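Notes follow the structure.
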Amino acid sequence: MKIELKDGKEVEIVQLSSEIPVINLCEYINTLVEEDIFIRTDRPFCFEEEERYIFDVLEGMRKNEQDYLAVLYGKKVVGGITARRGIGKERNNVEMGIGILKEFRGIGLGEILLKEMVKRVREKMNPENIYLHTASGNKPAICLYEKMGFRKIATLPKWMKHKGEYYDMYWMVLV
Ligand SMILES: CC(C)(COP(=O)(O)OP(=O)(O)OC[C@H]1O[C@@H](n2cnc3c(N)ncnc32)[C@H](O)[C@@H]1OP(=O)(O)O)[C@@H](O)C(=O)NCCC(=O)NCCS
């Protein structure tokens with residue numbers, strides 16, 4: 001799916017496949033890690049770790065337990081969104097996660113990705129709940145999720161230590 005963003009850049013949203021070089025996916029996630037934003041990961045992934053992760057996601061996609069959309073700008077991966085089923089008796093809950101590189105934020109991509117993934121998850125996984133979590137200091141994420149219809153259902157106090165300060169963790173469910 002080719003998309004023109006609000007600033008005129010053209011990107012392509014594709015389902016994760018072995019055709020996307022692991023090194024490009026690794027560069028994408030490590031750029032987010034190095035920016036030191038409100039994500040859990042606090043150290044870069046090496047190629048082998050990313051390769052194993054991608055292998056597991058592809059396996060999860062084959063079993064309809066996971067989904068992953070990547071955003072390509074040329075060959076560069078500039079964004080991604082994941083969806084993953086819970087396990088066992090919690091398998092009808094699907095958790096999402098999203099990350100976009102700095103130069104591609106604020107131009108509508110987050111909204112497009114979230115809408116597309118919600119549609120795919122509803123069609124393919126038929127879940128009872130679609131949810132995500134975010135640190136209380138992550139205003140762009142909270143605003144995006146609220147705009148898309150997610151509502152805060154729980155707060156874990158002082159859950160993430162980010163740049164020396166504790167932040168609550170909000171769990172948000174799509175209503
Ligand atoms: C959170 C994130 C996915 C938002 O994506 P985005 O592409 O920048 O968002 P969009 O341009 O589609 O904006 C959609 C809505 O999100 C909200 N939003 C986006 N950026 C915002 C900002 N800087 N401040 C406040 N609200 C913001 C607004 O409600 C916006 O709607 P509007 O344009 O009508 O005001 C993006 O900032 C990101 O990837 N951040 C780094 C990784 C991260 O924090 N991931 C989430 C972890 S929980």
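Order determines the names: the first chain of the structure tokens is A, the second B, and so forth; residues in each chain are numbered 1 upward, and ligands are numbered 1 upward as they are shown.
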Around ligand 1, out to 7 Å and counting only C-alpha atoms and all ligand atoms, which residues are there? I want them as a PyMOL selection string. chain A and resi 37-39+97-101+104-112+133-135+138-141+143-144+147
Exercise: region 59-71 of chain A partners within 8 Å, only C-alpha atoms, chain neighbours under 6 positions left out, as an mmCIF file with N, CA and C atoms, in the first residue's frame:
data_model
loop_
_atom_site.group_PDB
_atom_site.id
_atom_site.type_symbol
_atom_site.label_atom_id
_atom_site.label_comp_id
_atom_site.auth_asym_id
_atom_site.auth_seq_id
_atom_site.Cartn_x
_atom_site.Cartn_y
_atom_site.Cartn_z
ATOM 1 N N VAL A 11 5.582 6.824 1.078
ATOM 2 C CA VAL A 11 6.068 5.621 1.757
ATOM 3 C C VAL A 11 5.205 4.429 1.343
ATOM 4 N N GLU A 12 5.740 3.249 1.640
ATOM 5 C CA GLU A 12 4.978 2.039 1.339
ATOM 6 C C GLU A 12 4.781 1.248 2.632
ATOM 7 N N ILE A 13 3.559 0.808 2.876
ATOM 8 C CA ILE A 13 3.295 -0.026 4.057
ATOM 9 C C ILE A 13 3.180 -1.469 3.599
ATOM 10 N N VAL A 14 4.047 -2.308 4.142
ATOM 11 C CA VAL A 14 4.075 -3.714 3.713
ATOM 12 C C VAL A 14 4.015 -4.640 4.920
ATOM 13 N N GLN A 15 3.489 -5.831 4.667
ATOM 14 C CA GLN A 15 3.498 -6.859 5.703
ATOM 15 C C GLN A 15 4.940 -7.351 5.846
ATOM 16 N N LEU A 16 5.351 -7.647 7.063
ATOM 17 C CA LEU A 16 6.705 -8.171 7.266
ATOM 18 C C LEU A 16 6.911 -9.434 6.440
ATOM 19 N N VAL A 77 13.665 1.182 6.457
ATOM 20 C CA VAL A 77 12.492 0.973 7.312
ATOM 21 C C VAL A 77 12.373 2.187 8.229
ATOM 22 N N VAL A 78 11.232 2.877 8.155
ATOM 23 C CA VAL A 78 11.075 4.119 8.924
ATOM 24 C C VAL A 78 9.958 4.038 9.960
ATOM 25 N N GLY A 79 9.259 2.917 9.973
ATOM 26 C CA GLY A 79 8.190 2.760 10.957
ATOM 27 C C GLY A 79 7.723 1.322 11.009
ATOM 28 N N GLY A 80 7.016 1.006 12.090
ATOM 29 C CA GLY A 80 6.498 -0.349 12.208
ATOM 30 C C GLY A 80 5.389 -0.409 13.240
ATOM 31 N N ILE A 81 4.522 -1.387 13.066
ATOM 32 C CA ILE A 81 3.470 -1.626 14.063
ATOM 33 C C ILE A 81 3.313 -3.130 14.215
ATOM 34 N N THR A 82 3.179 -3.556 15.470
ATOM 35 C CA THR A 82 3.071 -4.985 15.736
ATOM 36 C C THR A 82 1.744 -5.292 16.435
ATOM 37 N N ALA A 83 1.304 -6.513 16.294
ATOM 38 C CA ALA A 83 0.133 -6.991 17.029
ATOM 39 C C ALA A 83 0.436 -8.415 17.467
ATOM 40 N N ARG A 84 0.075 -8.708 18.700
ATOM 41 C CA ARG A 84 0.390 -10.046 19.227
ATOM 42 C C ARG A 84 -0.732 -10.522 20.148
ATOM 43 N N ARG A 85 -1.163 -11.734 19.904
ATOM 44 C CA ARG A 85 -2.166 -12.358 20.770
ATOM 45 C C ARG A 85 -1.579 -12.694 22.130
ATOM 46 N N LEU A 113 -1.188 3.881 10.328
ATOM 47 C CA LEU A 113 -0.721 2.549 10.743
ATOM 48 C C LEU A 113 -1.665 1.897 11.752
ATOM 49 N N MET A 117 -3.803 -1.482 11.189
ATOM 50 C CA MET A 117 -3.566 -2.680 11.998
ATOM 51 C C MET A 117 -4.831 -3.102 12.749
ATOM 52 N N VAL A 121 -6.349 -6.774 12.426
ATOM 53 C CA VAL A 121 -6.506 -7.607 13.625
ATOM 54 C C VAL A 121 -7.962 -8.050 13.770
ATOM 55 N N LYS A 124 -8.596 -10.694 11.007
ATOM 56 C CA LYS A 124 -7.858 -11.959 11.051
ATOM 57 C C LYS A 124 -7.880 -12.644 12.402
ATOM 58 N N MET A 125 -7.977 -11.853 13.491
ATOM 59 C CA MET A 125 -7.843 -12.466 14.818
ATOM 60 C C MET A 125 -9.128 -12.433 15.630
#
Interatomic distance (Å, one decimal) between CA of Leu156 (chain A) and CA of Asp36 (chain A):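 It comes out at 21.0 Å.
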A:Val57, A:Leu32, A:Leu5, A:Val118 ranked by distance to Met148 (chain A), top pick (using only C-alpha atoms):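 Using only C-alpha atoms, the shortest distance to Met148 (chain A) belongs to A:Val118.
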Go through A:Lys115, A:Asn24, A:Glu165, A:Asn92 one by one, measure the shortest atom-to-atom distance of each to Lys75 (chain A) using only C-alpha atoms, and give the residue with the smallest value.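 Looking only at the distances to Lys75 (chain A), the closest residue turns out to be A:Asn24.
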Counting only C-alpha atoms, the residue of A:Glu19, A:Glu10, A:Asp42, A:Glu27 that sits nearest Met160 (chain A):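 Ranking A:Glu19, A:Glu10, A:Asp42, A:Glu27 by distance to Met160 (chain A), first place goes to A:Asp42.
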Nearest residue to Leu114 (chain A) out of A:Phe150, A:Tyr73, A:Tyr170, A:Phe45, using only C-alpha atoms?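 Checking each of A:Phe150, A:Tyr73, A:Tyr170, A:Phe45 against Leu114 (chain A), counting only C-alpha atoms, the winner is A:Phe150.
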So that I can check the surroundings of Cys46 (chain A), please list as JSON, numbers by chain every protein, DNA and RNA residue that reaches within 12 Å of it, counting only C-alpha atoms and ignoring chain neighbours fewer than 4 positions away. {"A": [22, 23, 25, 26, 27, 29, 30, 50, 51, 52, 53]}
Could you write out, as a count of residues only, all the residues of region 19-149 of chain A that DSSP marks as alpha helix (DSSP H)? 56
Just the number, please: distance in Å from CA of Gly149 (chain A) to CA of Val33 (chain A), one decimal.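 It comes out at 27.4 Å.
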Among listed residues A:Leu174, A:Leu72, A:Ile142, A:Ala154, nearest Glu95 (chain A) (using only C-alpha atoms):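 Under the stated criterion, the closest residue is A:Leu174.
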Take CA of Met1 (chain A) and CA of Ile54 (chain A) and report the distance between them in Å, one decimal.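 Calculated distance between CA of Met1 (chain A) and CA of Ile54 (chain A) is 21.1 Å.
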Enumerate as a PDB file with C-alpha atoms, in the first residue's frame all residues of region 1-172 of chain A assigned to strand (DSSP E) by DSSP on the backbone, naming them with the chain letters and numbers the document uses.
ATOM      1  CA  LYS A   2       1.637   3.248  -1.191  1.00  0.00           C
ATOM      2  CA  ILE A   3       0.823   6.388   0.767  1.00  0.00           C
ATOM      3  CA  GLU A   4       1.553  10.080   0.376  1.00  0.00           C
ATOM      4  CA  GLU A  10       5.791   8.761  -0.335  1.00  0.00           C
ATOM      5  CA  VAL A  11       6.068   5.621   1.757  1.00  0.00           C
ATOM      6  CA  GLU A  12       4.978   2.039   1.339  1.00  0.00           C
ATOM      7  CA  ILE A  13       3.295  -0.026   4.057  1.00  0.00           C
ATOM      8  CA  VAL A  14       4.075  -3.714   3.713  1.00  0.00           C
ATOM      9  CA  GLN A  15       3.498  -6.859   5.703  1.00  0.00           C
ATOM     10  CA  GLN A  66       1.112 -12.061  15.420  1.00  0.00           C
ATOM     11  CA  ASP A  67       1.109  -9.405  12.757  1.00  0.00           C
ATOM     12  CA  TYR A  68       3.694  -6.812  11.709  1.00  0.00           C
ATOM     13  CA  LEU A  69       3.489  -3.964   9.224  1.00  0.00           C
ATOM     14  CA  ALA A  70       6.651  -2.145   8.184  1.00  0.00           C
ATOM     15  CA  VAL A  71       6.848   1.289   6.596  1.00  0.00           C
ATOM     16  CA  LEU A  72       9.401   1.592   3.817  1.00  0.00           C
ATOM     17  CA  TYR A  73      10.869   4.810   2.464  1.00  0.00           C
ATOM     18  CA  LYS A  76      14.834   2.131   4.555  1.00  0.00           C
ATOM     19  CA  VAL A  77      12.492   0.973   7.312  1.00  0.00           C
ATOM     20  CA  VAL A  78      11.075   4.119   8.924  1.00  0.00           C
ATOM     21  CA  GLY A  79       8.190   2.760  10.957  1.00  0.00           C
ATOM     22  CA  GLY A  80       6.498  -0.349  12.208  1.00  0.00           C
ATOM     23  CA  ILE A  81       3.470  -1.626  14.063  1.00  0.00           C
ATOM     24  CA  THR A  82       3.071  -4.985  15.736  1.00  0.00           C
ATOM     25  CA  ALA A  83       0.133  -6.991  17.029  1.00  0.00           C
ATOM     26  CA  ARG A  84       0.390 -10.046  19.227  1.00  0.00           C
ATOM     27  CA  ARG A  85      -2.166 -12.358  20.770  1.00  0.00           C
ATOM     28  CA  ASN A  93      -6.603 -10.134  23.758  1.00  0.00           C
ATOM     29  CA  VAL A  94      -4.316  -8.561  21.173  1.00  0.00           C
ATOM     30  CA  GLU A  95      -1.577  -6.141  22.166  1.00  0.00           C
ATOM     31  CA  MET A  96      -0.191  -3.575  19.754  1.00  0.00           C
ATOM     32  CA  GLY A  97       3.044  -1.600  19.635  1.00  0.00           C
ATOM     33  CA  ILE A  98       4.102   1.187  17.292  1.00  0.00           C
ATOM     34  CA  GLY A  99       7.283   3.125  16.508  1.00  0.00           C
ATOM     35  CA  ILE A 100       8.080   5.708  13.842  1.00  0.00           C
ATOM     36  CA  ASN A 129      -9.889  -6.745  23.351  1.00  0.00           C
ATOM     37  CA  ILE A 130      -7.300  -4.713  21.469  1.00  0.00           C
ATOM     38  CA  TYR A 131      -4.963  -2.935  23.853  1.00  0.00           C
ATOM     39  CA  LEU A 132      -1.615  -1.247  24.261  1.00  0.00           C
ATOM     40  CA  HIS A 133       0.417   0.387  26.962  1.00  0.00           C
ATOM     41  CA  THR A 134       2.409   3.578  27.170  1.00  0.00           C
ATOM     42  CA  ALA A 135       4.389   5.590  29.682  1.00  0.00           C
ATOM     43  CA  PHE A 150      -8.364   3.824  23.041  1.00  0.00           C
ATOM     44  CA  ARG A 151      -9.236   4.571  26.680  1.00  0.00           C
ATOM     45  CA  LYS A 152      -7.111   4.261  29.785  1.00  0.00           C
ATOM     46  CA  ILE A 153      -8.264   1.289  31.873  1.00  0.00           C
ATOM     47  CA  ALA A 154      -5.416   0.869  34.337  1.00  0.00           C
ATOM     48  CA  THR A 155      -2.372   2.644  35.689  1.00  0.00           C
ATOM     49  CA  LEU A 156       0.720   0.932  37.007  1.00  0.00           C
ATOM     50  CA  PRO A 157       2.366   3.558  39.224  1.00  0.00           C
ATOM     51  CA  LYS A 158       6.066   4.365  38.796  1.00  0.00           C
ATOM     52  CA  TRP A 159       6.579   1.541  36.280  1.00  0.00           C
ATOM     53  CA  MET A 160       9.224   2.855  33.891  1.00  0.00           C
ATOM     54  CA  LYS A 161      12.431   4.584  34.884  1.00  0.00           C
ATOM     55  CA  HIS A 162      13.309   6.886  32.005  1.00  0.00           C
ATOM     56  CA  GLU A 165      12.702   9.621  36.545  1.00  0.00           C
ATOM     57  CA  TYR A 166       9.830   7.255  37.243  1.00  0.00           C
ATOM     58  CA  TYR A 167       6.737   7.284  35.011  1.00  0.00           C
ATOM     59  CA  ASP A 168       3.404   5.521  35.422  1.00  0.00           C
ATOM     60  CA  MET A 169       2.392   2.984  32.784  1.00  0.00           C
ATOM     61  CA  TYR A 170      -1.062   3.397  31.242  1.00  0.00           C
ATOM     62  CA  TRP A 171      -2.900   0.392  29.839  1.00  0.00           C
ATOM     63  CA  MET A 172      -5.354   1.472  27.163  1.00  0.00           C
TER      64      MET A 172
END
